[in-house]
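Source file: upload33.cif. Holds: mmCIF, C-alpha atoms.
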data_start
loop_
_atom_site.label_atom_id
_atom_site.label_comp_id
_atom_site.auth_asym_id
_atom_site.auth_seq_id
_atom_site.Cartn_x
_atom_site.Cartn_y
_atom_site.Cartn_z
CA MET A 1 -24.50 -5.23 23.59
CA SER A 2 -23.83 -2.38 21.17
CA VAL A 3 -26.55 -1.49 18.71
CA PRO A 4 -25.62 -0.75 15.09
CA VAL A 5 -26.97 2.26 13.24
CA PRO A 6 -29.28 0.93 10.49
CA GLY A 7 -27.57 1.12 7.13
CA SER A 8 -24.35 2.39 8.70
CA GLY A 9 -22.23 -0.49 7.45
CA ARG A 10 -20.73 -0.86 10.92
CA PRO A 11 -21.02 -4.12 12.85
CA PRO A 12 -21.75 -4.31 16.55
CA ALA A 13 -18.60 -4.53 18.65
CA GLY A 14 -17.01 -7.95 18.42
CA GLU A 15 -19.10 -9.15 15.46
CA ARG A 16 -17.32 -10.23 12.29
CA LEU A 17 -18.08 -8.47 9.04
CA THR A 18 -20.00 -10.86 6.77
CA ALA A 19 -22.25 -10.08 3.86
CA GLY A 20 -25.18 -11.90 5.43
CA ALA A 21 -25.05 -10.01 8.72
CA PRO A 22 -28.51 -8.70 9.67
CA TRP A 23 -27.19 -5.24 10.60
CA LEU A 24 -25.96 -4.62 7.03
CA THR A 25 -28.59 -2.98 4.79
CA VAL A 26 -28.52 -1.67 1.25
CA ASP A 27 -29.49 2.00 0.91
CA ARG A 28 -30.01 3.20 -2.66
CA ASP A 29 -29.51 6.84 -1.63
CA VAL A 30 -25.98 6.07 -0.43
CA VAL A 31 -22.73 5.16 -2.17
CA SER A 32 -21.06 2.64 0.13
CA VAL A 33 -17.36 1.83 -0.08
CA ALA A 34 -15.57 -1.11 1.51
CA LEU A 35 -12.64 0.30 3.49
CA VAL A 36 -10.21 -2.61 3.72
CA TYR A 37 -7.59 -1.87 6.38
CA PRO A 38 -5.73 -3.94 9.00
CA MET A 39 -7.49 -4.44 12.32
CA ARG A 40 -5.10 -7.19 13.46
CA GLY A 41 -1.67 -8.62 12.75
CA PRO A 42 1.58 -6.67 12.38
CA ALA A 43 -0.06 -3.89 10.37
CA GLY A 44 -2.89 -3.49 12.88
CA MET A 45 -0.88 -0.85 14.73
CA PHE A 46 -1.67 1.77 12.12
CA GLY A 47 -5.21 0.59 11.42
CA PRO A 48 -6.78 3.33 13.60
CA SER A 49 -4.95 6.01 11.62
CA CYS A 50 -6.19 4.46 8.36
CA GLU A 51 -9.79 4.50 9.58
CA LEU A 52 -9.72 8.10 10.85
CA CYS A 53 -8.03 9.48 7.73
CA ALA A 54 -10.59 7.75 5.50
CA GLN A 55 -13.44 9.02 7.66
CA LEU A 56 -12.10 12.59 7.41
CA ALA A 57 -12.10 12.30 3.62
CA VAL A 58 -15.66 10.93 3.58
CA GLU A 59 -16.90 13.85 5.67
CA GLU A 60 -15.20 16.33 3.34
CA VAL A 61 -16.71 14.67 0.26
CA ASN A 62 -20.18 14.71 1.84
CA ARG A 63 -19.90 18.40 2.74
CA ARG A 64 -19.29 19.06 -0.96
CA GLY A 65 -22.42 17.20 -1.99
CA GLY A 66 -21.34 13.58 -1.83
CA VAL A 67 -20.82 11.30 -4.82
CA LEU A 68 -23.29 11.65 -7.73
CA GLY A 69 -25.50 13.57 -5.31
CA ARG A 70 -25.55 10.68 -2.84
CA GLU A 71 -24.04 10.36 0.61
CA LEU A 72 -20.74 8.50 0.78
CA ARG A 73 -20.32 5.90 3.53
CA LEU A 74 -17.64 3.42 4.59
CA VAL A 75 -18.10 -0.27 5.30
CA PRO A 76 -15.07 -1.46 7.31
CA VAL A 77 -13.44 -4.78 6.39
CA ASP A 78 -10.56 -6.32 8.33
CA GLY A 79 -7.68 -6.33 5.87
CA GLY A 80 -5.49 -8.03 8.47
CA ALA A 81 -7.38 -11.32 8.05
CA PRO A 82 -6.03 -14.08 5.76
CA PRO A 83 -6.14 -12.90 2.11
CA ALA A 84 -8.68 -15.49 0.94
CA GLU A 85 -10.99 -14.56 3.79
CA VAL A 86 -10.76 -10.84 3.01
CA ALA A 87 -11.44 -11.51 -0.67
CA ALA A 88 -14.50 -13.62 0.14
CA GLU A 89 -15.99 -10.91 2.36
CA VAL A 90 -15.41 -8.13 -0.16
CA ASP A 91 -16.75 -10.34 -2.98
CA ALA A 92 -19.92 -11.02 -0.96
CA LEU A 93 -20.45 -7.33 -0.23
CA VAL A 94 -20.11 -6.47 -3.92
CA SER A 95 -22.37 -9.34 -4.98
CA MET A 96 -25.23 -8.27 -2.75
CA GLY A 97 -24.90 -4.63 -3.81
CA ALA A 98 -23.88 -3.51 -0.33
CA VAL A 99 -20.79 -1.65 -1.63
CA GLN A 100 -20.16 0.15 -4.91
CA GLY A 101 -16.40 0.57 -4.53
CA VAL A 102 -13.36 -0.63 -2.58
CA THR A 103 -10.38 1.22 -1.13
CA GLY A 104 -7.91 1.01 1.72
CA TRP A 105 -4.42 0.08 2.87
CA HIS A 106 -3.65 -3.66 2.99
CA ILE A 107 -0.67 -5.77 2.01
CA SER A 108 -0.10 -6.94 -1.55
CA SER A 109 -1.10 -10.54 -0.91
CA VAL A 110 -4.55 -9.25 0.11
CA ARG A 111 -4.74 -7.06 -3.00
CA GLN A 112 -3.84 -10.01 -5.20
CA ALA A 113 -6.68 -12.02 -3.66
CA VAL A 114 -9.27 -9.23 -3.79
CA ALA A 115 -8.59 -7.68 -7.21
CA PRO A 116 -9.50 -10.62 -9.48
CA ARG A 117 -12.80 -11.11 -7.70
CA VAL A 118 -14.14 -7.55 -7.62
CA ALA A 119 -12.11 -5.03 -9.60
CA HIS A 120 -13.88 -5.73 -12.91
CA ARG A 121 -17.20 -5.12 -11.14
CA VAL A 122 -16.58 -2.03 -8.98
CA PRO A 123 -13.73 0.51 -8.90
CA TYR A 124 -10.96 -0.51 -6.49
CA VAL A 125 -8.49 2.13 -5.26
CA TYR A 126 -5.48 0.50 -3.62
CA THR A 127 -3.56 2.89 -1.36
CA ALA A 128 -0.54 0.93 -0.11
CA LEU A 129 2.95 1.30 -1.52
CA TYR A 130 3.58 -1.87 -3.47
CA GLU A 131 5.97 -3.78 -5.73
CA GLY A 132 4.61 -2.42 -9.02
CA GLY A 133 3.14 -4.19 -12.01
CA GLU A 134 -0.58 -4.26 -11.10
CA ARG A 135 -2.61 -4.29 -14.32
CA THR A 136 -6.01 -5.67 -13.28
CA GLU A 137 -8.91 -3.82 -14.89
CA GLY A 138 -10.63 -1.53 -12.40
CA VAL A 139 -7.67 -1.18 -10.00
CA PHE A 140 -6.31 2.34 -9.38
CA LEU A 141 -3.21 2.94 -7.26
CA THR A 142 -2.34 5.99 -5.17
CA SER A 143 0.99 5.13 -3.56
CA GLU A 144 4.65 4.54 -4.22
CA THR A 145 6.40 1.93 -6.35
CA PRO A 146 10.10 0.95 -6.18
CA ASP A 147 11.16 2.74 -9.37
CA ALA A 148 10.02 6.12 -8.03
CA GLN A 149 10.64 5.50 -4.32
CA LEU A 150 13.44 3.00 -3.66
CA TRP A 151 15.70 3.55 -6.66
CA PRO A 152 16.30 7.31 -6.12
CA ALA A 153 16.75 6.77 -2.37
CA MET A 154 19.38 4.06 -2.87
CA ARG A 155 21.11 6.15 -5.52
CA LEU A 156 21.31 9.18 -3.22
CA LEU A 157 22.48 7.24 -0.16
CA SER A 158 25.11 5.41 -2.19
CA ALA A 159 26.41 8.63 -3.75
CA GLU A 160 26.38 10.87 -0.68
CA LEU A 161 27.01 8.44 2.18
CA GLY A 162 29.05 5.83 0.33
CA MET A 163 26.70 2.89 0.90
CA ARG A 164 28.13 -0.03 -1.08
CA ARG A 165 27.02 -3.26 0.65
CA TRP A 166 23.26 -3.64 1.03
CA PHE A 167 21.46 -6.39 2.93
CA VAL A 168 17.73 -6.99 2.39
CA VAL A 169 15.55 -8.12 5.30
CA GLY A 170 11.82 -8.48 4.75
CA ASN A 171 8.64 -10.40 5.37
CA ASP A 172 8.12 -13.43 3.17
CA TYR A 173 5.45 -12.44 0.64
CA VAL A 174 5.18 -10.78 -2.72
CA TRP A 175 6.00 -7.12 -1.91
CA PRO A 176 9.31 -7.74 -0.10
CA ARG A 177 10.37 -10.49 -2.50
CA ARG A 178 9.81 -8.46 -5.65
CA THR A 179 11.16 -5.25 -4.12
CA GLY A 180 14.25 -7.17 -3.04
CA LEU A 181 14.81 -8.23 -6.66
CA ALA A 182 14.48 -4.61 -7.76
CA ALA A 183 16.99 -3.57 -5.08
CA ARG A 184 19.61 -5.84 -6.68
CA ARG A 185 19.21 -4.01 -9.98
CA TYR A 186 19.31 -0.60 -8.32
CA ALA A 187 22.41 -1.48 -6.33
CA ARG A 188 24.28 -2.46 -9.49
CA ARG A 189 23.28 0.80 -11.16
CA CYS A 190 24.90 2.85 -8.40
CA GLY A 191 28.09 0.81 -8.10
CA ALA A 192 26.96 -1.15 -5.05
CA ARG A 193 25.69 -4.68 -4.50
CA VAL A 194 23.26 -6.66 -2.37
CA VAL A 195 25.43 -8.93 -0.21
CA GLY A 196 22.61 -10.97 1.32
CA GLN A 197 18.90 -11.26 2.03
CA HIS A 198 16.72 -12.82 4.70
CA PHE A 199 12.93 -13.21 4.59
CA LEU A 200 10.79 -13.89 7.64
CA PRO A 201 7.13 -14.84 8.16
CA LEU A 202 4.64 -12.15 9.14
CA GLU A 203 4.33 -11.68 12.91
CA THR A 204 7.88 -12.85 13.49
CA HIS A 205 9.80 -12.26 16.73
CA ALA A 206 13.03 -14.09 15.82
CA PHE A 207 15.69 -11.88 14.25
CA ALA A 208 18.89 -13.47 15.55
CA GLU A 209 19.80 -15.20 12.28
CA ALA A 210 19.11 -12.07 10.22
CA LEU A 211 21.31 -10.00 12.52
CA ARG A 212 24.11 -12.56 12.39
CA ARG A 213 24.02 -12.56 8.60
CA ILE A 214 24.07 -8.76 8.44
CA GLU A 215 27.14 -8.73 10.65
CA ARG A 216 28.91 -11.56 8.77
CA THR A 217 28.42 -9.93 5.37
CA GLU A 218 29.78 -6.60 6.71
CA ALA A 219 26.81 -4.78 5.20
CA ASP A 220 26.86 -1.02 5.60
CA ALA A 221 23.18 -0.56 4.70
CA VAL A 222 20.05 -2.60 5.39
CA LEU A 223 16.93 -2.34 3.26
CA MET A 224 14.02 -3.07 5.62
CA LEU A 225 10.92 -4.51 3.96
CA LEU A 226 9.09 -5.44 7.14
CA VAL A 227 5.48 -4.62 8.02
CA GLY A 228 4.33 -2.71 11.10
CA ALA A 229 5.10 -4.41 14.40
CA ASP A 230 7.63 -6.70 12.71
CA ALA A 231 9.67 -3.65 11.71
CA VAL A 232 9.32 -2.26 15.23
CA ARG A 233 10.70 -5.45 16.79
CA PHE A 234 13.50 -5.57 14.22
CA ASN A 235 14.49 -1.97 15.00
CA ARG A 236 14.77 -2.78 18.69
CA ALA A 237 16.77 -5.96 18.08
CA PHE A 238 19.02 -4.16 15.60
CA ALA A 239 19.84 -1.45 18.14
CA ARG A 240 20.41 -3.94 20.98
CA ALA A 241 22.95 -5.73 18.76
CA GLY A 242 24.80 -2.44 18.25
CA LEU A 243 24.36 -2.59 14.48
CA ASP A 244 22.78 0.86 14.38
CA GLN A 245 26.22 2.34 15.05
CA ARG A 246 27.82 0.84 11.94
CA CYS A 247 24.94 0.23 9.55
CA LEU A 248 22.33 2.49 7.97
CA ARG A 249 18.70 1.34 7.64
CA LEU A 250 16.38 2.36 4.82
CA SER A 251 12.68 1.50 4.82
CA THR A 252 10.01 2.15 2.22
CA LEU A 253 7.34 1.30 4.80
CA MET A 254 8.06 3.17 8.04
CA ASP A 255 5.63 5.77 9.32
CA GLU A 256 5.46 7.86 12.47
CA ASN A 257 3.39 5.27 14.36
CA MET A 258 6.10 2.65 13.77
CA LEU A 259 8.83 5.13 14.70
CA LEU A 260 7.11 5.96 17.97
CA ALA A 261 6.64 2.28 18.80
CA SER A 262 10.30 1.52 18.05
CA GLY A 263 11.46 3.98 20.73
CA VAL A 264 14.12 6.67 20.64
CA SER A 265 16.93 4.22 21.38
CA ALA A 266 16.18 2.23 18.20
CA THR A 267 16.01 4.94 15.54
CA ALA A 268 19.62 6.04 14.97
CA ASN A 269 20.70 6.02 11.30
CA LEU A 270 17.18 5.10 10.18
CA TYR A 271 15.85 6.53 6.90
CA SER A 272 12.45 6.28 5.24
CA THR A 273 11.17 7.24 1.81
CA ALA A 274 7.52 8.07 1.06
CA GLY A 275 5.17 10.51 -0.61
CA PHE A 276 4.03 11.96 2.72
CA PHE A 277 5.53 12.61 6.14
CA ALA A 278 3.91 14.34 9.08
CA GLY A 279 6.83 16.77 9.17
CA LEU A 280 6.32 18.03 5.62
CA VAL A 281 5.84 21.79 5.60
CA THR A 282 3.64 22.39 2.58
CA PRO A 283 0.33 24.28 2.45
CA GLU A 284 -1.55 21.06 1.66
CA SER A 285 0.09 19.10 4.49
CA LEU A 286 -0.52 21.87 7.02
CA ASP A 287 -4.18 22.11 6.00
CA PHE A 288 -4.51 18.35 6.45
CA HIS A 289 -2.95 18.46 9.92
CA GLY A 290 -5.31 21.23 10.93
CA ALA A 291 -8.42 19.43 9.68
CA PHE A 292 -7.37 16.15 11.32
CA ALA A 293 -6.65 17.82 14.68
CA ARG A 294 -9.93 19.76 14.68
CA ARG A 295 -11.93 16.64 13.89
CA PHE A 296 -10.23 14.05 16.10
CA GLY A 297 -8.33 16.01 18.75
CA VAL A 298 -4.88 15.72 20.22
CA GLU A 299 -5.42 12.12 21.39
CA ALA A 300 -5.77 10.81 17.82
CA PRO A 301 -3.13 8.42 16.44
CA PRO A 302 -0.09 10.10 14.88
CA LEU A 303 -0.41 10.99 11.24
CA GLY A 304 1.84 9.15 8.81
CA SER A 305 2.00 8.10 5.18
CA LEU A 306 0.17 4.80 5.69
CA GLY A 307 -2.94 6.25 7.33
CA GLU A 308 -2.88 9.31 5.11
CA SER A 309 -2.96 7.06 2.07
CA CYS A 310 -6.52 6.06 3.01
CA TYR A 311 -7.55 9.73 2.80
CA GLU A 312 -6.04 9.73 -0.70
CA GLY A 313 -7.93 6.56 -1.58
CA VAL A 314 -11.34 7.99 -0.69
CA MET A 315 -10.60 11.26 -2.48
CA LEU A 316 -9.43 9.52 -5.65
CA LEU A 317 -12.41 7.15 -5.68
CA ALA A 318 -14.83 10.07 -5.30
CA ALA A 319 -13.04 11.99 -8.06
CA LEU A 320 -13.08 8.99 -10.42
CA ILE A 321 -16.81 8.37 -9.97
CA GLY A 322 -17.60 12.08 -10.15
CA LYS A 323 -15.66 12.58 -13.39
CA ALA A 324 -17.20 9.45 -14.96
CA GLY A 325 -20.71 10.40 -13.83
CA THR A 326 -21.40 6.73 -13.13
CA LEU A 327 -20.57 3.90 -10.75
CA ASP A 328 -19.98 1.53 -13.67
CA VAL A 329 -16.34 0.46 -13.62
CA ARG A 330 -16.03 0.67 -17.41
CA GLY A 331 -17.09 4.30 -17.35
CA VAL A 332 -14.70 5.00 -14.49
CA GLU A 333 -11.85 3.38 -16.46
CA ALA A 334 -12.64 5.51 -19.52
CA ALA A 335 -12.45 8.75 -17.51
CA ALA A 336 -9.41 7.86 -15.39
CA ASP A 337 -6.69 9.57 -17.41
CA VAL A 338 -8.30 13.00 -17.07
CA VAL A 339 -8.95 12.76 -13.32
CA THR A 340 -7.16 15.07 -10.88
CA TYR A 341 -7.77 15.62 -7.19
CA ASP A 342 -6.34 17.70 -4.34
CA GLY A 343 -5.07 16.24 -1.08
CA PRO A 344 -2.29 16.42 1.51
CA ARG A 345 0.25 15.43 -1.20
CA GLY A 346 -0.84 18.31 -3.46
CA GLU A 347 -2.73 18.10 -6.74
CA LEU A 348 -2.36 14.61 -8.17
CA ARG A 349 -3.17 13.06 -11.53
CA LEU A 350 -3.51 9.47 -12.69
CA ARG A 351 -1.31 8.06 -15.41
CA ARG A 352 -1.97 4.49 -16.50
CA ARG A 353 -4.08 4.08 -13.34
CA HIS A 354 -1.15 5.03 -11.06
CA VAL A 355 -0.87 8.35 -9.22
CA ARG A 356 2.38 10.19 -9.91
CA GLN A 357 3.59 12.24 -6.98
CA ARG A 358 6.55 13.83 -5.23
CA ILE A 359 8.65 11.41 -3.16
CA TYR A 360 10.77 12.40 -0.16
CA LEU A 361 13.65 10.98 1.86
CA ALA A 362 13.46 11.48 5.61
CA GLU A 363 15.78 10.63 8.50
CA ALA A 364 14.60 9.65 11.96
CA ASP A 365 15.33 12.35 14.51
CA GLY A 366 14.42 10.65 17.77
CA LEU A 367 10.70 9.94 17.45
CA GLU A 368 10.06 12.18 14.45
CA PHE A 369 11.04 12.14 10.80
CA ALA A 370 13.03 15.08 9.45
CA VAL A 371 12.51 15.40 5.70
CA ARG A 372 15.96 15.74 4.11
CA THR A 373 15.16 16.12 0.45
CA GLU A 374 12.71 15.54 -2.38
CA LEU A 375 13.89 12.65 -4.53
#
Could you spell out this file's structure in structure tokens?
Amino acid sequence: MSVPVPGSGRPPAGERLTAGAPWLTVDRDVVSVALVYPMRGPAGMFGPSCELCAQLAVEEVNRRGGVLGRELRLVPVDGGAPPAEVAAEVDALVSMGAVQGVTGWHISSVRQAVAPRVAHRVPYVYTALYEGGERTEGVFLTSETPDAQLWPAMRLLSAELGMRRWFVVGNDYVWPRRTGLAARRYARRCGARVVGQHFLPLETHAFAEALRRIERTEADAVLMLLVGADAVRFNRAFARAGLDQRCLRLSTLMDENMLLASGVSATANLYSTAGFFAGLVTPESLDFHGAFARRFGVEAPPLGSLGESCYEGVMLLAALIGKAGTLDVRGVEAAADVVTYDGPRGELRLRRRHVRQRIYLAEADGLEFAVRTEL
């Protein structure tokens, strides 16, 4: 049996995170943050990268003196659990004073369950790319939205590669559904159209009907809105069907872990758009790579935009609290528009609780992404 470190916020191996767990203690000299990231399900494949990137940020914050002069710690929560279950656990942690903030990468259906229950009580920094439109008090967002990410990518691919017939394939929940609606508008703007769509449950293995519909509609581009292992399985099925030779794929959620899992035979004509890629050659990105490698070694999970976003989340949360000089969410809200912070994506500033940042288009080159342009 593993033994937890008192006050560490970490459960013994195999024990579920619950607010009443005896290993969880409240330490008034510590600022504890619930790190909500996927430990299971299709997104679980990049969970380890999320955890390590967040931990790296925490260690950097603590070397600089912590938050309000207190040590910053993470309390891990499985964001791959059913949304209502995740929300109940985070709510319980906030209610008992065990965490003073929330951050992490998790899908939009989890965010929609968590935000109404805790965001008006503690600051909540959501790090996943999402469909846009989040207005809940106390929620701050670090990642991409379709207007800044998908629209310029579709416009460029339509103009330069002549993509005119788009097909949307995604998981069946709020982010793919709403992004698919946005894609119809964007297609019309660039003289193209969406010729079909197909939505599948999370953790799906059955892609035959989607592939048949792509072929029947004679689509020349597929917008992939699939999560983690679902996207990996789709990439493999797409290549086995030979569609990769006649049809481009664009994803707004495809990192290096997913590319590696797809395999070199399944990545031809595959594009991704994001605010961070491991192959970016900028001073900030190179510094991040160096710090990550020194801390976790060459055996660590590959860096990608999804894990890196959790580094951003911790850094933004620390900057928000530091600028406000308080943990009170109303004070944090009042200070938000003057907050800036430095990270692997450069110096970033909040505007209307969203981070504005550079967005890039990359093309798969075997098992790596080659950044083609800034959008």
Considering all atoms listed in the file, state which residue in the set A:Ala187, A:Asp91, A:Gly297, A:Pro146 is at the smallest distance from Ala119 (chain A). A:Asp91
Proximity check region 95-144 of chain A to region 251-257 of chain A, 12 Å, nearest pairs one decimal Å, only C-alpha atoms, as JSON lines:
{"residue": "A:Trp105", "atom": "CA", "partner": "A:Leu253", "partner_atom": "CA", "distance": 12.0}
{"residue": "A:Ile107", "atom": "CA", "partner": "A:Leu253", "partner_atom": "CA", "distance": 11.0}
{"residue": "A:Ala128", "atom": "CA", "partner": "A:Leu253", "partner_atom": "CA", "distance": 9.3}
{"residue": "A:Leu129", "atom": "CA", "partner": "A:Leu253", "partner_atom": "CA", "distance": 7.7}
{"residue": "A:Tyr130", "atom": "CA", "partner": "A:Thr252", "partner_atom": "CA", "distance": 9.5}
{"residue": "A:Glu131", "atom": "CA", "partner": "A:Thr252", "partner_atom": "CA", "distance": 10.7}
{"residue": "A:Ser143", "atom": "CA", "partner": "A:Thr252", "partner_atom": "CA", "distance": 11.1}
{"residue": "A:Glu144", "atom": "CA", "partner": "A:Thr252", "partner_atom": "CA", "distance": 8.7}
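Comparing A:Asn235, A:Ser49, A:Ser262, A:Ser309 by their smallest distance to Ala274 (chain A), the closest is A:Ser309 (using only C-alpha atoms).
Residue neighbourhood of Gly279 (chain A), excluding near-sequence residues (fewer than 3 positions): Phe276, Ser285, Glu368, Phe369, Ala370 and Val371 of chain A, at 9 Å, using only C-alpha atoms.
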Pick from A:Asp244, A:Asp172, A:Glu59, A:Asp328 nearest to Val227 (chain A), counting all atoms listed in the file: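 Once distances to Val227 (chain A) are computed over all atoms listed in the file, the minimum belongs to A:Asp172.
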To one decimal place, how far is CA of Phe238 (chain A) from CA of Leu156 (chain A) in Å?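 Computed distance, CA of Phe238 (chain A) to CA of Leu156 (chain A), equals 23.2 Å.
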So that I can see what lies close to region 353-367 of chain A, please list as an mmCIF file with C-alpha atoms, keeping the file's coordinate frame the residues with an atom at most 9 Å from it, counting only C-alpha atoms and leaving out residues fewer than 3 positions away in the same chain.
data_model
loop_
_atom_site.group_PDB
_atom_site.id
_atom_site.type_symbol
_atom_site.label_atom_id
_atom_site.label_comp_id
_atom_site.auth_asym_id
_atom_site.auth_seq_id
_atom_site.Cartn_x
_atom_site.Cartn_y
_atom_site.Cartn_z
ATOM 1 C CA ARG A 135 -2.610 -4.290 -14.320
ATOM 2 C CA GLY A 138 -10.630 -1.530 -12.400
ATOM 3 C CA VAL A 139 -7.670 -1.180 -10.000
ATOM 4 C CA PHE A 140 -6.310 2.340 -9.380
ATOM 5 C CA LEU A 141 -3.210 2.940 -7.260
ATOM 6 C CA THR A 142 -2.340 5.990 -5.170
ATOM 7 C CA SER A 143 0.990 5.130 -3.560
ATOM 8 C CA GLU A 144 4.650 4.540 -4.220
ATOM 9 C CA ALA A 148 10.020 6.120 -8.030
ATOM 10 C CA GLN A 149 10.640 5.500 -4.320
ATOM 11 C CA ALA A 153 16.750 6.770 -2.370
ATOM 12 C CA GLU A 256 5.460 7.860 12.470
ATOM 13 C CA LEU A 259 8.830 5.130 14.700
ATOM 14 C CA LEU A 260 7.110 5.960 17.970
ATOM 15 C CA ALA A 261 6.640 2.280 18.800
ATOM 16 C CA SER A 262 10.300 1.520 18.050
ATOM 17 C CA GLY A 263 11.460 3.980 20.730
ATOM 18 C CA VAL A 264 14.120 6.670 20.640
ATOM 19 C CA SER A 265 16.930 4.220 21.380
ATOM 20 C CA ALA A 266 16.180 2.230 18.200
ATOM 21 C CA THR A 267 16.010 4.940 15.540
ATOM 22 C CA ALA A 268 19.620 6.040 14.970
ATOM 23 C CA ASN A 269 20.700 6.020 11.300
ATOM 24 C CA LEU A 270 17.180 5.100 10.180
ATOM 25 C CA TYR A 271 15.850 6.530 6.900
ATOM 26 C CA SER A 272 12.450 6.280 5.240
ATOM 27 C CA THR A 273 11.170 7.240 1.810
ATOM 28 C CA ALA A 274 7.520 8.070 1.060
ATOM 29 C CA GLY A 275 5.170 10.510 -0.610
ATOM 30 C CA PHE A 276 4.030 11.960 2.720
ATOM 31 C CA PHE A 277 5.530 12.610 6.140
ATOM 32 C CA GLU A 333 -11.850 3.380 -16.460
ATOM 33 C CA ALA A 336 -9.410 7.860 -15.390
ATOM 34 C CA ASP A 337 -6.690 9.570 -17.410
ATOM 35 C CA ARG A 345 0.250 15.430 -1.200
ATOM 36 C CA GLY A 346 -0.840 18.310 -3.460
ATOM 37 C CA GLU A 347 -2.730 18.100 -6.740
ATOM 38 C CA LEU A 348 -2.360 14.610 -8.170
ATOM 39 C CA ARG A 349 -3.170 13.060 -11.530
ATOM 40 C CA LEU A 350 -3.510 9.470 -12.690
ATOM 41 C CA ALA A 370 13.030 15.080 9.450
ATOM 42 C CA VAL A 371 12.510 15.400 5.700
ATOM 43 C CA ARG A 372 15.960 15.740 4.110
ATOM 44 C CA THR A 373 15.160 16.120 0.450
ATOM 45 C CA GLU A 374 12.710 15.540 -2.380
ATOM 46 C CA LEU A 375 13.890 12.650 -4.530
#
Quick one: of A:Pro48, A:Pro38, A:Gly325, A:Gly66, who's nearest to Pro82 (chain A), counting only C-alpha atoms?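 Going through A:Pro48, A:Pro38, A:Gly325, A:Gly66 one by one, the smallest distance to Pro82 (chain A) is for A:Pro38.
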Tell me which of A:Val36, A:Val61, A:Val174, A:Leu316 sits closest to Ser108 (chain A), counting only C-alpha atoms.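 The shortest atom-to-atom distance to Ser108 (chain A) comes from A:Val174.
Across the structure, CA of Glu203 (chain A) and CA of Met224 (chain A) are spaced 14.9 Å apart.
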CA of Arg351 (chain A) sits from CA of Ala335 (chain A) at a separation of 11.4 Å
